[in-house]
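K.L.:
Quick one: this structure, given as structure tokens, is what I'll be asking you about.
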Amino acid sequence: MAKIVPFKAVRPTRDKVCLVTCRSYEEYVNAELAAQLDFNPLSFLHILKPAYTNQETVSFEKRYRQVHQKYEDFKNEIILVKDKKPAIYIHKIVTKTQSFTGIIAGTSVADYCNNIIKKHEDIIAFRVRLLKDYMKYSEFNTEPVLMTYPDNKTIENWIFNCTQKLADFEFSTTKKEIHYLWKIEDTLEIDWLQNIFEKTDSLYIADGHHRTEALKLLSEENDDSENTAKNHILSYLISENNVKIYEFNRLVKDLNGFTKEDFLKELEKNFIVTNKFQQPFQPSKKHEFGMYLNNAFYSLILRKESAVFDTVLECLDTQILYKKVLLPILAIEDLRNDERIEYLSGKQSLLEVKNKIDQGEFEIGFILFPSNIGEIKALADANLIMPPKSTYIEPKFRSGLVVYEL
């Protein structure tokens, strides 16, 4: 039931690919960004830059059109070149700890509207409109939506055979990642793969909910019946056993007027609280939480009598922490906008939680056990939404490696 389509990607030339591709613009600190823009004239950041500068003096439309113009400049200078035949691409990312291999193709906006492509995160309407306008005026997309499909031995074997051949691209990054890209343009092979995916009941968005919704709006605005590009979503399709899911830990600036002793008494109503003193504590299973408060780590284990759930959402650790601690005790109602709470990806060291509290930025930190793909699928199947900042999912894609023109 899931539809995938090939497309004519715009890609860097082989000799320039390692200089062109870049991480997402927001991932760069100012000094690193300035260095890239000053010393690497081929970086895709030069294309993205107008979207993030002069924000108070230049309209969104004008900035986004400048992005498009810079993109056209890169094509005119033969830095970026469009493939002659529609293709599907296999992309492999090897990090210091693991590797990810997936398929880059177009997926169907109609499948998203019909809930064949399923979501598990809420969206911010303003951000969706900005992304829609960005893609409308820049006329391209270079950040695929990360989607998972059920483990499939047939697809796995096909990918393995394809990746034994010489890659079209092979390059390393300053983050010590190795990237490979294979182009699959044989019509019979593409037809075969499309038939395989047509037997797949559902695809699940792992990362890229705002981009997907923005492309839906763009498709609805499309008044050109011949422009089918706007009916598809640039996607990176990966087996569900090949994604890496990290938690987001919570940092809170105060105890909402409670003393440490009274706060611990409130926690004991729903949790078995154990003082671990200076021994860093990382949860090892669901319904177990770490906490750092007043120079000491604690373990919080949900009491059996408190572990009564009616829905898939209620048994999520992020929802348990919200319902049992953040909302009733710390009075944090809006997880997205309350200035008293911030989030730290589980990719960062546990000691980073400790350091931020010891330095006085926050008073308390909560360490969570990461969600799994089964929980994400169960929520999506039930049309439920995860609490904000529940998951940080890899792999992350590099801008400028594959460009989908709209």
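Labels used: A, B, ... for chains in the order of the structure tokens, numbers from 1 for residues in each chain, and numbers from 1 for ligands as shown.
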Per residue of region 191-294 of chain A within 12 Å of region 332-345 of chain A, what are the shortest atom pair and its distance in Å to one decimal, counting only C-alpha atoms, with rows by chain and residue number, as JSON lines?

P.N.:
{"residue": "A:Ile245", "atom": "CA", "partner": "A:Ser345", "partner_atom": "CA", "distance": 10.4}
{"residue": "A:Tyr246", "atom": "CA", "partner": "A:Ser345", "partner_atom": "CA", "distance": 7.0}
{"residue": "A:Glu247", "atom": "CA", "partner": "A:Ser345", "partner_atom": "CA", "distance": 6.2}
{"residue": "A:Phe248", "atom": "CA", "partner": "A:Ser345", "partner_atom": "CA", "distance": 4.5}
{"residue": "A:Asn249", "atom": "CA", "partner": "A:Leu344", "partner_atom": "CA", "distance": 5.1}
{"residue": "A:Arg250", "atom": "CA", "partner": "A:Tyr343", "partner_atom": "CA", "distance": 4.9}
{"residue": "A:Leu251", "atom": "CA", "partner": "A:Glu342", "partner_atom": "CA", "distance": 5.2}
{"residue": "A:Val252", "atom": "CA", "partner": "A:Ile341", "partner_atom": "CA", "distance": 4.6}
{"residue": "A:Lys253", "atom": "CA", "partner": "A:Arg340", "partner_atom": "CA", "distance": 5.2}
{"residue": "A:Asp254", "atom": "CA", "partner": "A:Arg340", "partner_atom": "CA", "distance": 7.3}
{"residue": "A:Leu255", "atom": "CA", "partner": "A:Arg340", "partner_atom": "CA", "distance": 10.0}
{"residue": "A:Asn256", "atom": "CA", "partner": "A:Ile332", "partner_atom": "CA", "distance": 9.1}

K.L.:
Take the residues from that selection and put them in a file with N, CA, C and O atoms, as an mmCIF file, in the first residue's frame.

P.N.:
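Output (selection21.cif):
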data_model
loop_
_atom_site.group_PDB
_atom_site.id
_atom_site.type_symbol
_atom_site.label_atom_id
_atom_site.label_comp_id
_atom_site.auth_asym_id
_atom_site.auth_seq_id
_atom_site.Cartn_x
_atom_site.Cartn_y
_atom_site.Cartn_z
ATOM 1 N N ILE A 245 17.444 5.370 18.879
ATOM 2 C CA ILE A 245 16.567 6.282 19.609
ATOM 3 C C ILE A 245 17.219 6.649 20.942
ATOM 4 O O ILE A 245 17.547 5.769 21.745
ATOM 5 N N TYR A 246 17.401 7.949 21.150
ATOM 6 C CA TYR A 246 17.922 8.464 22.418
ATOM 7 C C TYR A 246 16.786 9.144 23.180
ATOM 8 O O TYR A 246 15.793 9.593 22.591
ATOM 9 N N GLU A 247 16.949 9.245 24.481
ATOM 10 C CA GLU A 247 16.006 9.974 25.313
ATOM 11 C C GLU A 247 16.326 11.473 25.298
ATOM 12 O O GLU A 247 17.401 11.881 24.858
ATOM 13 N N PHE A 248 15.395 12.265 25.761
ATOM 14 C CA PHE A 248 15.649 13.663 26.103
ATOM 15 C C PHE A 248 15.501 13.783 27.621
ATOM 16 O O PHE A 248 14.437 13.500 28.170
ATOM 17 N N ASN A 249 16.560 14.165 28.308
ATOM 18 C CA ASN A 249 16.499 14.361 29.751
ATOM 19 C C ASN A 249 15.936 15.747 30.069
ATOM 20 O O ASN A 249 16.011 16.654 29.245
ATOM 21 N N ARG A 250 15.375 15.889 31.248
ATOM 22 C CA ARG A 250 14.701 17.122 31.637
ATOM 23 C C ARG A 250 15.496 17.870 32.706
ATOM 24 O O ARG A 250 15.957 17.257 33.677
ATOM 25 N N LEU A 251 15.629 19.183 32.535
ATOM 26 C CA LEU A 251 16.283 20.047 33.516
ATOM 27 C C LEU A 251 15.283 21.119 33.937
ATOM 28 O O LEU A 251 14.672 21.774 33.088
ATOM 29 N N VAL A 252 15.108 21.291 35.258
ATOM 30 C CA VAL A 252 14.103 22.235 35.769
ATOM 31 C C VAL A 252 14.786 23.241 36.693
ATOM 32 O O VAL A 252 15.657 22.889 37.488
ATOM 33 N N LYS A 253 14.370 24.503 36.590
ATOM 34 C CA LYS A 253 15.084 25.599 37.262
ATOM 35 C C LYS A 253 14.759 25.744 38.753
ATOM 36 O O LYS A 253 15.524 26.378 39.480
ATOM 37 N N ASP A 254 13.632 25.194 39.221
ATOM 38 C CA ASP A 254 13.314 25.336 40.654
ATOM 39 C C ASP A 254 12.392 24.204 41.085
ATOM 40 O O ASP A 254 11.902 23.431 40.261
ATOM 41 N N LEU A 255 12.147 24.119 42.390
ATOM 42 C CA LEU A 255 11.302 23.061 42.955
ATOM 43 C C LEU A 255 9.885 23.553 43.237
ATOM 44 O O LEU A 255 9.159 22.952 44.034
ATOM 45 N N ASN A 256 9.492 24.659 42.618
ATOM 46 C CA ASN A 256 8.130 25.182 42.766
ATOM 47 C C ASN A 256 7.797 25.489 44.231
ATOM 48 O O ASN A 256 6.680 25.283 44.697
#

K.L.:
Contacts of Asn114 (chain A) at 12 Å or less, counting only C-alpha atoms, minus same-chain residues fewer than 5 places along, as an mmCIF file with all heavy atoms, in the first residue's frame?

P.N.:
data_model
loop_
_atom_site.group_PDB
_atom_site.id
_atom_site.type_symbol
_atom_site.label_atom_id
_atom_site.label_comp_id
_atom_site.auth_asym_id
_atom_site.auth_seq_id
_atom_site.Cartn_x
_atom_site.Cartn_y
_atom_site.Cartn_z
ATOM 1 N N MET A 1 0.814 -1.216 0.000
ATOM 2 C CA MET A 1 0.000 0.000 0.000
ATOM 3 C C MET A 1 0.849 1.268 0.000
ATOM 4 O O MET A 1 0.398 2.320 -0.384
ATOM 5 C CB MET A 1 -0.917 0.011 1.222
ATOM 6 C CG MET A 1 -1.993 -1.067 1.177
ATOM 7 S SD MET A 1 -2.851 -1.239 2.743
ATOM 8 C CE MET A 1 -3.638 0.369 2.871
ATOM 9 N N ALA A 2 2.085 1.173 0.456
ATOM 10 C CA ALA A 2 2.951 2.359 0.491
ATOM 11 C C ALA A 2 3.588 2.573 -0.880
ATOM 12 O O ALA A 2 4.137 1.648 -1.475
ATOM 13 C CB ALA A 2 4.030 2.199 1.548
ATOM 14 N N LYS A 3 3.527 3.802 -1.348
ATOM 15 C CA LYS A 3 4.049 4.127 -2.683
ATOM 16 C C LYS A 3 5.388 4.836 -2.558
ATOM 17 O O LYS A 3 5.535 5.776 -1.769
ATOM 18 C CB LYS A 3 3.047 5.020 -3.412
ATOM 19 C CG LYS A 3 3.483 5.412 -4.818
ATOM 20 C CD LYS A 3 2.477 6.359 -5.454
ATOM 21 C CE LYS A 3 2.929 6.796 -6.842
ATOM 22 N NZ LYS A 3 1.998 7.788 -7.438
ATOM 23 N N SER A 108 4.565 9.308 -0.932
ATOM 24 C CA SER A 108 3.356 9.978 -1.409
ATOM 25 C C SER A 108 2.694 10.858 -0.348
ATOM 26 O O SER A 108 2.440 10.402 0.779
ATOM 27 C CB SER A 108 2.359 8.918 -1.879
ATOM 28 O OG SER A 108 1.095 9.477 -2.126
ATOM 29 N N VAL A 109 2.407 12.113 -0.707
ATOM 30 C CA VAL A 109 1.629 12.989 0.167
ATOM 31 C C VAL A 109 0.250 12.381 0.411
ATOM 32 O O VAL A 109 -0.293 12.447 1.520
ATOM 33 C CB VAL A 109 1.506 14.400 -0.448
ATOM 34 C CG1 VAL A 109 0.500 15.238 0.334
ATOM 35 C CG2 VAL A 109 2.862 15.103 -0.479
ATOM 36 N N LYS A 119 2.207 9.320 11.832
ATOM 37 C CA LYS A 119 2.975 10.261 12.648
ATOM 38 C C LYS A 119 2.786 9.946 14.127
ATOM 39 O O LYS A 119 1.812 9.293 14.530
ATOM 40 C CB LYS A 119 2.535 11.696 12.366
ATOM 41 C CG LYS A 119 1.085 11.986 12.710
ATOM 42 C CD LYS A 119 0.699 13.402 12.331
ATOM 43 C CE LYS A 119 -0.769 13.674 12.693
ATOM 44 N NZ LYS A 119 -1.175 15.047 12.356
ATOM 45 N N ASP A 201 2.110 -2.263 4.654
ATOM 46 C CA ASP A 201 0.872 -1.607 5.093
ATOM 47 C C ASP A 201 1.101 -0.159 5.522
ATOM 48 O O ASP A 201 0.292 0.714 5.222
ATOM 49 C CB ASP A 201 0.252 -2.379 6.263
ATOM 50 C CG ASP A 201 -0.304 -3.726 5.817
ATOM 51 O OD1 ASP A 201 -0.636 -3.862 4.631
ATOM 52 O OD2 ASP A 201 -0.388 -4.628 6.661
ATOM 53 N N SER A 202 2.216 0.095 6.233
ATOM 54 C CA SER A 202 2.422 1.430 6.814
ATOM 55 C C SER A 202 3.894 1.784 6.841
ATOM 56 O O SER A 202 4.764 0.918 6.972
ATOM 57 C CB SER A 202 1.887 1.491 8.252
ATOM 58 O OG SER A 202 0.515 1.193 8.302
ATOM 59 N N LEU A 203 4.157 3.079 6.710
ATOM 60 C CA LEU A 203 5.466 3.661 6.991
ATOM 61 C C LEU A 203 5.286 4.582 8.196
ATOM 62 O O LEU A 203 4.217 5.181 8.374
ATOM 63 C CB LEU A 203 5.984 4.457 5.797
ATOM 64 C CG LEU A 203 6.169 3.701 4.476
ATOM 65 C CD1 LEU A 203 6.551 4.672 3.361
ATOM 66 C CD2 LEU A 203 7.226 2.612 4.609
ATOM 67 N N LYS A 216 2.626 18.657 2.712
ATOM 68 C CA LYS A 216 1.193 18.458 2.495
ATOM 69 C C LYS A 216 0.527 19.784 2.124
ATOM 70 O O LYS A 216 -0.271 19.852 1.167
ATOM 71 C CB LYS A 216 0.553 17.879 3.761
ATOM 72 C CG LYS A 216 -0.962 17.756 3.681
ATOM 73 C CD LYS A 216 -1.550 17.420 5.042
ATOM 74 C CE LYS A 216 -3.065 17.526 5.026
ATOM 75 N NZ LYS A 216 -3.655 17.344 6.363
#

K.L.:
Fewer than 6 positions away in the same chain doesn't count, so skip those; otherwise give me all residues within 8 Å of Gln278 (chain A), counting only C-alpha atoms, as a list in words.

P.N.:
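These residues fall inside the cut-off: Asn295, Ala296 and Phe297 of chain A.
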
K.L.:
Could you pull out all residues of region 109-341 of chain A with a DSSP call of helix (DSSP H, G or I) and give them as a PyMOL selection string?

P.N.:
chain A and resi 109-113+125-138+153-162+187-198+209-221+229-231+240-242+260-267+304-306+317-326

K.L.:
Looking only at strand (DSSP E or B) from DSSP on the backbone, list the matching residues of region 133-370 of chain A as number ranges by chain.

P.N.:
A: 140-141, 145-149, 169-172, 178-184, 203-207, 232-239, 244-246, 248-252, 271-277, 288-293, 296-302, 341-345, 364-367

K.L.:
Which of these residues is nearest to Val353 (chain A), using only C-alpha atoms: A:Leu293, A:Ile301, A:Ala382, A:Ile376?

P.N.:
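Of the candidates, the smallest distance to Val353 (chain A) is held by A:Leu293.
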